[in-house]
file coords.tsv (TSV, C-alpha atoms)
chain	number	residue	atom	x	y	z
A	1	MET	CA	-59.07	54.12	-47.90
A	2	SER	CA	-59.23	52.24	-44.63
A	3	SER	CA	-58.16	54.20	-41.56
A	4	GLY	CA	-57.76	51.10	-39.41
A	5	ARG	CA	-54.48	50.65	-37.57
A	6	LEU	CA	-52.82	47.28	-37.13
A	7	GLN	CA	-51.23	46.50	-33.81
A	8	PRO	CA	-47.56	45.51	-34.14
A	9	LEU	CA	-46.82	41.83	-33.82
A	10	GLU	CA	-44.88	40.68	-30.80
A	11	ALA	CA	-41.60	39.03	-31.66
A	12	PRO	CA	-41.87	35.28	-31.07
A	13	ARG	CA	-39.70	33.84	-28.35
A	14	SER	CA	-36.83	31.69	-29.50
A	15	LEU	CA	-36.21	28.12	-28.41
A	16	ALA	CA	-33.01	29.35	-26.78
A	17	GLU	CA	-34.97	31.79	-24.56
A	18	ASP	CA	-37.47	29.08	-23.62
A	19	ALA	CA	-34.63	26.67	-22.85
A	20	ALA	CA	-32.87	29.31	-20.75
A	21	ASP	CA	-36.09	29.83	-18.77
A	22	ARG	CA	-36.33	26.09	-17.98
A	23	ILE	CA	-32.69	25.80	-16.98
A	24	ARG	CA	-32.84	28.99	-14.91
A	25	GLU	CA	-35.88	27.67	-13.03
A	26	GLN	CA	-33.97	24.52	-12.14
A	27	ILE	CA	-30.91	26.45	-10.96
A	28	LEU	CA	-32.90	28.90	-8.83
A	29	GLY	CA	-35.21	26.19	-7.53
A	30	GLY	CA	-32.39	23.89	-6.49
A	31	GLY	CA	-32.89	21.28	-9.20
A	32	PHE	CA	-29.35	21.92	-10.42
A	33	HIS	CA	-26.78	22.39	-7.69
A	34	GLN	CA	-23.93	24.87	-7.45
A	35	GLY	CA	-20.91	23.51	-9.28
A	36	GLU	CA	-22.96	20.92	-11.21
A	37	HIS	CA	-21.79	20.11	-14.74
A	38	LEU	CA	-24.53	20.75	-17.32
A	39	VAL	CA	-24.13	18.69	-20.50
A	40	GLU	CA	-25.62	20.13	-23.69
A	41	THR	CA	-26.68	16.76	-25.13
A	42	ARG	CA	-28.41	15.69	-21.93
A	43	ILE	CA	-30.24	19.02	-21.56
A	44	ALA	CA	-31.27	18.87	-25.23
A	45	GLN	CA	-32.65	15.37	-24.78
A	46	ASP	CA	-34.60	16.38	-21.68
A	47	LEU	CA	-36.10	19.39	-23.49
A	48	ASN	CA	-36.61	17.44	-26.74
A	49	ILE	CA	-34.77	20.03	-28.82
A	50	SER	CA	-31.48	20.18	-30.74
A	51	ARG	CA	-28.19	21.19	-29.13
A	52	GLY	CA	-28.09	24.58	-30.92
A	53	PRO	CA	-30.76	26.31	-28.80
A	54	VAL	CA	-29.25	24.79	-25.65
A	55	ARG	CA	-25.85	26.21	-26.59
A	56	GLU	CA	-27.46	29.66	-27.03
A	57	ALA	CA	-29.32	29.24	-23.74
A	58	PHE	CA	-26.02	28.55	-21.99
A	59	LYS	CA	-24.66	31.82	-23.40
A	60	LEU	CA	-27.64	33.73	-21.99
A	61	LEU	CA	-27.20	32.15	-18.58
A	62	ARG	CA	-23.47	32.84	-18.57
A	63	ALA	CA	-24.27	36.51	-19.23
A	64	GLU	CA	-26.56	36.45	-16.17
A	65	GLY	CA	-23.80	34.97	-14.05
A	66	LEU	CA	-25.63	31.69	-13.40
A	67	LEU	CA	-23.33	29.50	-15.52
A	68	GLN	CA	-19.60	29.57	-16.07
A	69	GLU	CA	-17.63	27.90	-18.84
A	70	GLU	CA	-14.42	26.06	-18.09
A	71	PRO	CA	-12.06	25.40	-21.02
A	72	ARG	CA	-12.19	21.80	-22.27
A	73	ARG	CA	-14.56	20.88	-19.45
A	74	GLY	CA	-17.87	22.51	-20.34
A	75	SER	CA	-20.49	24.60	-18.54
A	76	PHE	CA	-21.09	24.51	-14.81
A	77	VAL	CA	-23.61	26.08	-12.47
A	78	VAL	CA	-21.77	28.92	-10.75
A	79	ARG	CA	-20.46	28.12	-7.31
A	80	MET	CA	-20.54	31.11	-4.99
A	81	SER	CA	-17.41	31.69	-2.92
A	82	PRO	CA	-17.44	33.89	0.21
A	83	GLU	CA	-15.67	36.57	-1.85
A	84	ASP	CA	-18.39	36.36	-4.53
A	85	VAL	CA	-21.08	36.82	-1.89
A	86	ARG	CA	-19.34	39.79	-0.30
A	87	GLY	CA	-18.83	41.33	-3.74
A	88	ILE	CA	-22.51	41.05	-4.67
A	89	TYR	CA	-23.74	42.36	-1.33
A	90	GLY	CA	-21.14	45.11	-1.31
A	91	LEU	CA	-22.48	46.26	-4.65
A	92	ARG	CA	-26.00	46.04	-3.28
A	93	ALA	CA	-25.01	48.19	-0.30
A	94	ALA	CA	-23.67	50.88	-2.61
A	95	ILE	CA	-26.69	50.78	-4.93
A	96	GLU	CA	-29.37	50.53	-2.27
A	97	GLY	CA	-27.74	53.04	0.04
A	98	ARG	CA	-27.76	55.58	-2.76
A	99	ALA	CA	-31.32	54.63	-3.76
A	100	ALA	CA	-32.58	54.96	-0.16
A	101	ARG	CA	-31.02	58.42	0.11
A	102	MET	CA	-32.67	59.55	-3.13
A	103	VAL	CA	-36.09	58.13	-2.17
A	104	ALA	CA	-35.92	59.85	1.24
A	105	GLU	CA	-35.04	63.15	-0.43
A	106	LEU	CA	-38.02	62.79	-2.78
A	107	HIS	CA	-40.26	62.33	0.28
A	108	ASP	CA	-43.12	60.89	-1.77
A	109	LEU	CA	-45.55	59.39	0.75
A	110	THR	CA	-47.15	57.25	-1.95
A	111	VAL	CA	-43.80	55.54	-2.44
A	112	VAL	CA	-43.39	55.20	1.33
A	113	ASP	CA	-46.77	53.52	1.62
A	114	ARG	CA	-45.82	51.15	-1.21
A	115	LEU	CA	-42.62	50.16	0.57
A	116	ALA	CA	-44.49	49.71	3.85
A	117	SER	CA	-46.99	47.42	2.13
A	118	LEU	CA	-44.14	45.30	0.80
A	119	VAL	CA	-42.78	44.93	4.32
A	120	ASP	CA	-46.28	43.86	5.35
A	121	ALA	CA	-46.11	41.22	2.60
A	122	ILE	CA	-42.88	39.91	4.13
A	123	ASP	CA	-44.61	39.77	7.52
A	124	GLY	CA	-47.50	37.82	6.02
A	125	ALA	CA	-45.13	35.26	4.53
A	126	VAL	CA	-43.33	35.00	7.88
A	127	ASP	CA	-46.63	34.33	9.66
A	128	ARG	CA	-47.37	31.55	7.18
A	129	GLY	CA	-43.90	30.10	7.66
A	130	GLU	CA	-43.22	30.21	3.91
A	131	ALA	CA	-39.48	30.80	3.59
A	132	SER	CA	-39.48	31.01	-0.22
A	133	GLU	CA	-42.26	33.62	-0.10
A	134	VAL	CA	-40.38	35.61	2.52
A	135	PHE	CA	-37.30	35.91	0.35
A	136	ALA	CA	-39.29	36.61	-2.81
A	137	ALA	CA	-41.09	39.42	-0.97
A	138	ASP	CA	-37.76	40.65	0.38
A	139	LEU	CA	-36.33	40.89	-3.13
A	140	ALA	CA	-39.50	42.66	-4.31
A	141	PHE	CA	-39.00	45.28	-1.56
A	142	HIS	CA	-35.42	45.99	-2.60
A	143	ALA	CA	-36.34	46.13	-6.29
A	144	ALA	CA	-39.11	48.62	-5.50
A	145	LEU	CA	-36.71	50.74	-3.44
A	146	VAL	CA	-34.22	50.98	-6.30
A	147	GLU	CA	-36.96	51.64	-8.86
A	148	ALA	CA	-38.46	54.42	-6.72
A	149	ALA	CA	-35.15	56.29	-6.79
A	150	GLY	CA	-35.80	57.04	-10.46
A	151	ASN	CA	-32.19	56.47	-11.48
A	152	VAL	CA	-32.11	54.26	-14.57
A	153	SER	CA	-28.43	53.40	-14.20
A	154	LEU	CA	-28.85	52.20	-10.60
A	155	GLU	CA	-31.85	50.10	-11.60
A	156	GLU	CA	-30.03	48.55	-14.56
A	157	VAL	CA	-27.11	47.43	-12.43
A	158	PHE	CA	-29.42	46.08	-9.72
A	159	THR	CA	-31.50	44.16	-12.27
A	160	ARG	CA	-28.38	42.67	-13.85
A	161	TYR	CA	-27.52	41.00	-10.56
A	162	VAL	CA	-31.05	39.85	-9.67
A	163	PRO	CA	-30.53	36.27	-11.00
A	164	ARG	CA	-27.40	35.80	-8.89
A	165	MET	CA	-29.14	37.28	-5.85
A	166	ARG	CA	-32.03	34.87	-6.35
A	167	ALA	CA	-29.52	32.03	-6.48
A	168	LEU	CA	-28.46	33.02	-2.95
A	169	LEU	CA	-31.98	32.94	-1.53
A	170	ARG	CA	-31.76	29.27	-0.61
A	171	LEU	CA	-28.59	30.06	1.34
A	172	ASP	CA	-30.46	32.88	3.08
A	173	GLU	CA	-32.95	30.35	4.45
A	174	HIS	CA	-30.10	28.68	6.35
A	175	VAL	CA	-28.64	31.97	7.52
A	176	TYR	CA	-31.74	33.59	9.00
A	177	ARG	CA	-32.87	31.29	11.77
A	178	ARG	CA	-35.83	33.56	12.52
A	179	LEU	CA	-37.54	34.79	9.39
A	180	ASP	CA	-39.04	37.81	11.10
A	181	ASP	CA	-35.52	39.24	11.50
A	182	ILE	CA	-35.68	40.13	7.81
A	183	ALA	CA	-38.84	42.20	8.15
A	184	LYS	CA	-37.58	43.86	11.32
A	185	GLU	CA	-34.51	45.17	9.49
A	186	HIS	CA	-36.70	46.87	6.88
A	187	ARG	CA	-39.05	48.81	9.12
A	188	PRO	CA	-36.50	51.32	10.48
A	189	LEU	CA	-35.44	51.96	6.88
A	190	VAL	CA	-39.02	52.70	5.79
A	191	GLU	CA	-39.52	55.00	8.77
A	192	ALA	CA	-36.33	56.93	7.98
A	193	ILE	CA	-37.58	57.40	4.42
A	194	ARG	CA	-40.96	58.52	5.76
A	195	ARG	CA	-39.23	61.17	7.91
A	196	GLY	CA	-37.21	62.33	4.93
A	197	ASP	CA	-33.99	61.51	6.80
A	198	ALA	CA	-31.77	60.77	3.81
A	199	ALA	CA	-28.58	60.13	5.80
A	200	ALA	CA	-30.24	57.63	8.13
A	201	ALA	CA	-31.99	55.89	5.22
A	202	ALA	CA	-28.71	55.45	3.36
A	203	THR	CA	-26.93	54.17	6.47
A	204	LEU	CA	-29.69	51.67	7.29
A	205	ALA	CA	-29.88	50.36	3.73
A	206	GLU	CA	-26.13	49.86	3.56
A	207	ALA	CA	-26.02	48.21	6.98
A	208	HIS	CA	-28.81	45.81	6.04
A	209	CYS	CA	-26.99	44.67	2.88
A	210	ASP	CA	-23.62	44.44	4.66
A	211	HIS	CA	-25.16	42.41	7.50
A	212	ALA	CA	-26.83	39.97	5.11
A	213	GLY	CA	-23.66	39.65	3.05
A	214	ASP	CA	-21.53	38.90	6.10
A	215	LEU	CA	-23.95	36.25	7.35
A	216	ILE	CA	-24.23	34.51	4.00
A	217	ALA	CA	-20.50	34.68	3.28
A	218	ALA	CA	-19.77	33.14	6.69
A	219	TYR	CA	-22.28	30.37	6.00
A	220	VAL	CA	-20.74	29.64	2.59
A	221	GLU	CA	-17.27	29.60	4.12
A	222	THR	CA	-18.40	27.12	6.78
A	223	ARG	CA	-19.94	24.83	4.18
A	224	GLU	CA	-16.81	24.99	2.03
A	225	SER	CA	-14.57	24.02	4.92
A	226	SER	CA	-16.87	21.20	6.09
A	227	ASP	CA	-17.79	19.37	2.92
A	228	GLY	CA	-17.29	21.65	-0.09
A	229	ASP	CA	-20.91	21.15	-1.13
A	230	LEU	CA	-23.17	24.24	-1.12
A	231	SER	CA	-26.21	22.39	-2.34

call {"tool": "encode", "arguments": {"input": "coords.tsv", "output": "structure tokens"}}
result
Amino acid sequence: MSSGRLQPLEAPRSLAEDAADRIREQILGGGFHQGEHLVETRIAQDLNISRGPVREAFKLLRAEGLLQEEPRRGSFVVRMSPEDVRGIYGLRAAIEGRAARMVAELHDLTVVDRLASLVDAIDGAVDRGEASEVFAADLAFHAALVEAAGNVSLEEVFTRYVPRMRALLRLDEHVYRRLDDIAKEHRPLVEAIRRGDAAAAATLAEAHCDHAGDLIAAYVETRESSDGDLS
């Protein structure tokens, strides 16, 4: 009898998942604008697939908070209001403040060095003047902070809101006139974690999220009052 073991097959991706990936890329990359009406037939024609997978893709993107369905009108790219922004960043402040406290209490210098290297990555992107890289590195830092806390529930909630946070990155580019301000706000947080100062780490993490949320919400509010177009 053969003792060989077969490796399990990976489940094939569905057309709906592939379609969702393409649509998501366009939303996050600015190809589709906030508030834009997405028509199933047009998307299906562009992707050269039937409407069924597109309909399922829309469901996936609605669950991520990137699309919203309006009765008798169809699906639209979510438009962020100032209240939406403050809500997301308020949640981030709560999650990341708790995560920063837990990471500081763990006082694992390997984790501290990892976070410091991610701040260095932000600096490198700043030096190159690559705004999109700066904000991608910024998000990677915050994801690593939450992951390092070792709390599955915190990480699950954070991850659930990652797509909507990525949708705000293009707004961030308008808010932060000097990209190095982003990196500067992270270094005191990393140093507090390095010292094992849990209270300071929590306060700094919350303040960073609250500050970013206030700036972005104010920007969104200004755009709404001027022309109503966030794209």

call {"tool": "closest_residue", "arguments": {"input": "coords.tsv", "among": "A:Ala207, A:Val175, A:Leu38, A:Val190", "to": "A:Gln26", "atoms": "only C-alpha atoms"}}
result
A:Leu38

call {"tool": "atom_distance", "arguments": {"input": "coords.tsv", "atom1": "atom CA of A:Glu70", "atom2": "atom CA of A:Asp21"}}
result
22.0 Å

call {"tool": "atom_distance", "arguments": {"input": "coords.tsv", "atom1": "atom CA of A:Ala131", "atom2": "atom CA of A:Val85"}}
result
20.1 Å

call {"tool": "closest_residue", "arguments": {"input": "coords.tsv", "among": "A:Ala167, A:Asp108, A:Arg128, A:His186", "to": "A:Ala148", "atoms": "all atoms listed in the file"}}
result
A:Asp108

call {"tool": "atom_distance", "arguments": {"input": "coords.tsv", "atom1": "atom CA of A:Val126", "atom2": "atom CA of A:Asp180"}}
result
6.1 Å

call {"tool": "closest_residue", "arguments": {"input": "coords.tsv", "among": "A:Ala94, A:Val162, A:Met80, A:Ala144", "to": "A:Val220", "atoms": "only C-alpha atoms"}}
result
A:Met80

call {"tool": "residues_around", "arguments": {"input": "coords.tsv", "residues": "A:Gly35", "least_positions_apart": "5", "cutoff": "7 Å", "atoms": "all atoms listed in the file", "output": "ChimeraX atom specification"}}
result
/A:76-79

call {"tool": "residues_around", "arguments": {"input": "coords.tsv", "residues": "stretch 48-62 of chain A", "least_positions_apart": "2", "cutoff": "10 Å", "atoms": "only C-alpha atoms", "output": "PyMOL selection string"}}
result
chain A and resi 14-24+38-46+64-69+75-78+163

call {"tool": "closest_residue", "arguments": {"input": "coords.tsv", "among": "A:Glu96, A:Glu130, A:Asp138, A:Glu25", "to": "A:Phe158", "atoms": "all atoms listed in the file"}}
result
A:Glu96

call {"tool": "closest_residue", "arguments": {"input": "coords.tsv", "among": "A:Arg5, A:Met165, A:Ala201, A:Ile193", "to": "A:Leu91", "atoms": "only C-alpha atoms"}}
result
A:Met165

call {"tool": "axis_aligned_box", "arguments": {"input": "coords.tsv", "around": "stretch 24-28 of chain A", "padding_each_side": "6 Å", "output": "lines of an AutoDock Vina configuration file"}}
result
center_x = -33.4
center_y = 26.8
center_z = -11.9
size_x = 17.0
size_y = 16.5
size_z = 18.1

call {"tool": "closest_residue", "arguments": {"input": "coords.tsv", "among": "A:Ala125, A:Arg73, A:Arg92, A:His33", "to": "A:Arg160", "atoms": "all atoms listed in the file"}}
result
A:Arg92

call {"tool": "residues_near_point", "arguments": {"input": "coords.tsv", "point": "(-39.6, 41.4, -5.1)", "cutoff": "12 Å", "atoms": "only C-alpha atoms", "output": "PyMOL selection string"}}
result
chain A and resi 115+117-119+121-122+132-147+159+162-163+165-166+169

call {"tool": "decode", "arguments": {"input": "coords.tsv", "residues": "stretch 11-26 of chain A", "atoms": "all heavy atoms", "output": "mmCIF file, in the first residue's frame"}}
result
data_model
loop_
_atom_site.group_PDB
_atom_site.id
_atom_site.type_symbol
_atom_site.label_atom_id
_atom_site.label_comp_id
_atom_site.auth_asym_id
_atom_site.auth_seq_id
_atom_site.Cartn_x
_atom_site.Cartn_y
_atom_site.Cartn_z
ATOM 1 N N ALA A 11 -9.153 25.669 -3.067
ATOM 2 C CA ALA A 11 -10.441 25.964 -3.683
ATOM 3 C C ALA A 11 -10.254 27.027 -4.763
ATOM 4 O O ALA A 11 -9.605 28.051 -4.529
ATOM 5 C CB ALA A 11 -11.422 26.464 -2.630
ATOM 6 N N PRO A 12 -10.783 26.787 -5.960
ATOM 7 C CA PRO A 12 -10.632 27.777 -7.031
ATOM 8 C C PRO A 12 -11.392 29.054 -6.700
ATOM 9 O O PRO A 12 -12.424 29.029 -6.039
ATOM 10 C CB PRO A 12 -11.243 27.065 -8.247
ATOM 11 C CG PRO A 12 -12.212 26.084 -7.672
ATOM 12 C CD PRO A 12 -11.590 25.625 -6.376
ATOM 13 N N ARG A 13 -10.838 30.168 -7.132
ATOM 14 C CA ARG A 13 -11.524 31.437 -6.917
ATOM 15 C C ARG A 13 -12.713 31.543 -7.852
ATOM 16 O O ARG A 13 -12.681 31.067 -8.983
ATOM 17 C CB ARG A 13 -10.562 32.600 -7.168
ATOM 18 C CG ARG A 13 -9.517 32.752 -6.090
ATOM 19 C CD ARG A 13 -8.542 33.858 -6.460
ATOM 20 N NE ARG A 13 -9.214 35.135 -6.658
ATOM 21 C CZ ARG A 13 -9.547 35.959 -5.670
ATOM 22 N NH1 ARG A 13 -9.275 35.626 -4.413
ATOM 23 N NH2 ARG A 13 -10.151 37.095 -5.917
ATOM 24 N N SER A 14 -13.753 32.166 -7.385
ATOM 25 C CA SER A 14 -14.947 32.339 -8.198
ATOM 26 C C SER A 14 -14.811 33.588 -9.062
ATOM 27 O O SER A 14 -14.005 34.481 -8.788
ATOM 28 C CB SER A 14 -16.181 32.469 -7.303
ATOM 29 O OG SER A 14 -16.120 33.674 -6.574
ATOM 30 N N LEU A 15 -15.625 33.641 -10.114
ATOM 31 C CA LEU A 15 -15.651 34.837 -10.957
ATOM 32 C C LEU A 15 -16.072 36.056 -10.141
ATOM 33 O O LEU A 15 -15.591 37.167 -10.374
ATOM 34 C CB LEU A 15 -16.620 34.639 -12.126
ATOM 35 C CG LEU A 15 -16.088 33.918 -13.368
ATOM 36 C CD1 LEU A 15 -17.206 33.758 -14.398
ATOM 37 C CD2 LEU A 15 -14.920 34.699 -13.975
ATOM 38 N N ALA A 16 -16.972 35.843 -9.181
ATOM 39 C CA ALA A 16 -17.430 36.953 -8.353
ATOM 40 C C ALA A 16 -16.274 37.547 -7.548
ATOM 41 O O ALA A 16 -16.150 38.779 -7.428
ATOM 42 C CB ALA A 16 -18.534 36.486 -7.409
ATOM 43 N N GLU A 17 -15.400 36.695 -6.988
ATOM 44 C CA GLU A 17 -14.254 37.185 -6.225
ATOM 45 C C GLU A 17 -13.282 37.939 -7.117
ATOM 46 O O GLU A 17 -12.747 38.986 -6.733
ATOM 47 C CB GLU A 17 -13.551 36.026 -5.527
ATOM 48 C CG GLU A 17 -14.350 35.393 -4.400
ATOM 49 C CD GLU A 17 -13.691 34.147 -3.859
ATOM 50 O OE1 GLU A 17 -13.275 33.284 -4.660
ATOM 51 O OE2 GLU A 17 -13.581 34.030 -2.627
ATOM 52 N N ASP A 18 -13.048 37.389 -8.329
ATOM 53 C CA ASP A 18 -12.155 38.070 -9.270
ATOM 54 C C ASP A 18 -12.738 39.414 -9.693
ATOM 55 O O ASP A 18 -12.024 40.417 -9.797
ATOM 56 C CB ASP A 18 -11.916 37.204 -10.506
ATOM 57 C CG ASP A 18 -11.031 36.003 -10.208
ATOM 58 O OD1 ASP A 18 -10.268 36.059 -9.219
ATOM 59 O OD2 ASP A 18 -11.107 35.010 -10.956
ATOM 60 N N ALA A 19 -14.058 39.439 -9.931
ATOM 61 C CA ALA A 19 -14.715 40.691 -10.310
ATOM 62 C C ALA A 19 -14.633 41.701 -9.177
ATOM 63 O O ALA A 19 -14.372 42.894 -9.395
ATOM 64 C CB ALA A 19 -16.168 40.427 -10.686
ATOM 65 N N ALA A 20 -14.848 41.233 -7.947
ATOM 66 C CA ALA A 20 -14.764 42.126 -6.790
ATOM 67 C C ALA A 20 -13.368 42.725 -6.670
ATOM 68 O O ALA A 20 -13.216 43.910 -6.344
ATOM 69 C CB ALA A 20 -15.135 41.380 -5.514
ATOM 70 N N ASP A 21 -12.341 41.920 -6.938
ATOM 71 C CA ASP A 21 -10.966 42.421 -6.887
ATOM 72 C C ASP A 21 -10.759 43.556 -7.881
ATOM 73 O O ASP A 21 -10.151 44.589 -7.559
ATOM 74 C CB ASP A 21 -9.974 41.293 -7.193
ATOM 75 C CG ASP A 21 -9.786 40.335 -6.028
ATOM 76 O OD1 ASP A 21 -10.243 40.653 -4.914
ATOM 77 O OD2 ASP A 21 -9.186 39.263 -6.244
ATOM 78 N N ARG A 22 -11.255 43.387 -9.113
ATOM 79 C CA ARG A 22 -11.085 44.407 -10.154
ATOM 80 C C ARG A 22 -11.822 45.690 -9.788
ATOM 81 O O ARG A 22 -11.291 46.796 -9.949
ATOM 82 C CB ARG A 22 -11.593 43.880 -11.496
ATOM 83 C CG ARG A 22 -10.848 42.676 -12.045
ATOM 84 C CD ARG A 22 -9.457 43.045 -12.506
ATOM 85 N NE ARG A 22 -8.759 41.878 -13.021
ATOM 86 C CZ ARG A 22 -8.837 41.456 -14.294
ATOM 87 N NH1 ARG A 22 -9.613 42.108 -15.149
ATOM 88 N NH2 ARG A 22 -8.161 40.395 -14.686
ATOM 89 N N ILE A 23 -13.042 45.542 -9.309
ATOM 90 C CA ILE A 23 -13.841 46.717 -8.952
ATOM 91 C C ILE A 23 -13.216 47.430 -7.750
ATOM 92 O O ILE A 23 -13.117 48.656 -7.719
ATOM 93 C CB ILE A 23 -15.292 46.316 -8.642
ATOM 94 C CG1 ILE A 23 -15.936 45.683 -9.884
ATOM 95 C CG2 ILE A 23 -16.109 47.528 -8.197
ATOM 96 C CD1 ILE A 23 -17.256 44.987 -9.595
ATOM 97 N N ARG A 24 -12.776 46.646 -6.767
ATOM 98 C CA ARG A 24 -12.144 47.217 -5.571
ATOM 99 C C ARG A 24 -10.902 48.022 -5.956
ATOM 100 O O ARG A 24 -10.666 49.121 -5.431
ATOM 101 C CB ARG A 24 -11.774 46.108 -4.593
ATOM 102 C CG ARG A 24 -11.256 46.628 -3.246
ATOM 103 C CD ARG A 24 -10.764 45.501 -2.354
ATOM 104 N NE ARG A 24 -11.772 44.515 -2.068
ATOM 105 C CZ ARG A 24 -11.816 43.288 -2.595
ATOM 106 N NH1 ARG A 24 -10.862 42.901 -3.470
ATOM 107 N NH2 ARG A 24 -12.778 42.452 -2.285
ATOM 108 N N GLU A 25 -10.090 47.473 -6.860
ATOM 109 C CA GLU A 25 -8.890 48.177 -7.301
ATOM 110 C C GLU A 25 -9.233 49.534 -7.896
ATOM 111 O O GLU A 25 -8.541 50.530 -7.658
ATOM 112 C CB GLU A 25 -8.141 47.335 -8.343
ATOM 113 C CG GLU A 25 -7.438 46.112 -7.782
ATOM 114 C CD GLU A 25 -6.907 45.198 -8.874
ATOM 115 O OE1 GLU A 25 -7.045 45.579 -10.075
ATOM 116 O OE2 GLU A 25 -6.364 44.131 -8.564
ATOM 117 N N GLN A 26 -10.311 49.577 -8.681
ATOM 118 C CA GLN A 26 -10.723 50.831 -9.301
ATOM 119 C C GLN A 26 -11.236 51.837 -8.265
ATOM 120 O O GLN A 26 -10.973 53.030 -8.365
ATOM 121 C CB GLN A 26 -11.805 50.572 -10.349
ATOM 122 C CG GLN A 26 -11.298 49.903 -11.611
ATOM 123 C CD GLN A 26 -10.269 50.763 -12.330
ATOM 124 O OE1 GLN A 26 -10.509 51.929 -12.607
ATOM 125 N NE2 GLN A 26 -9.109 50.190 -12.611
#
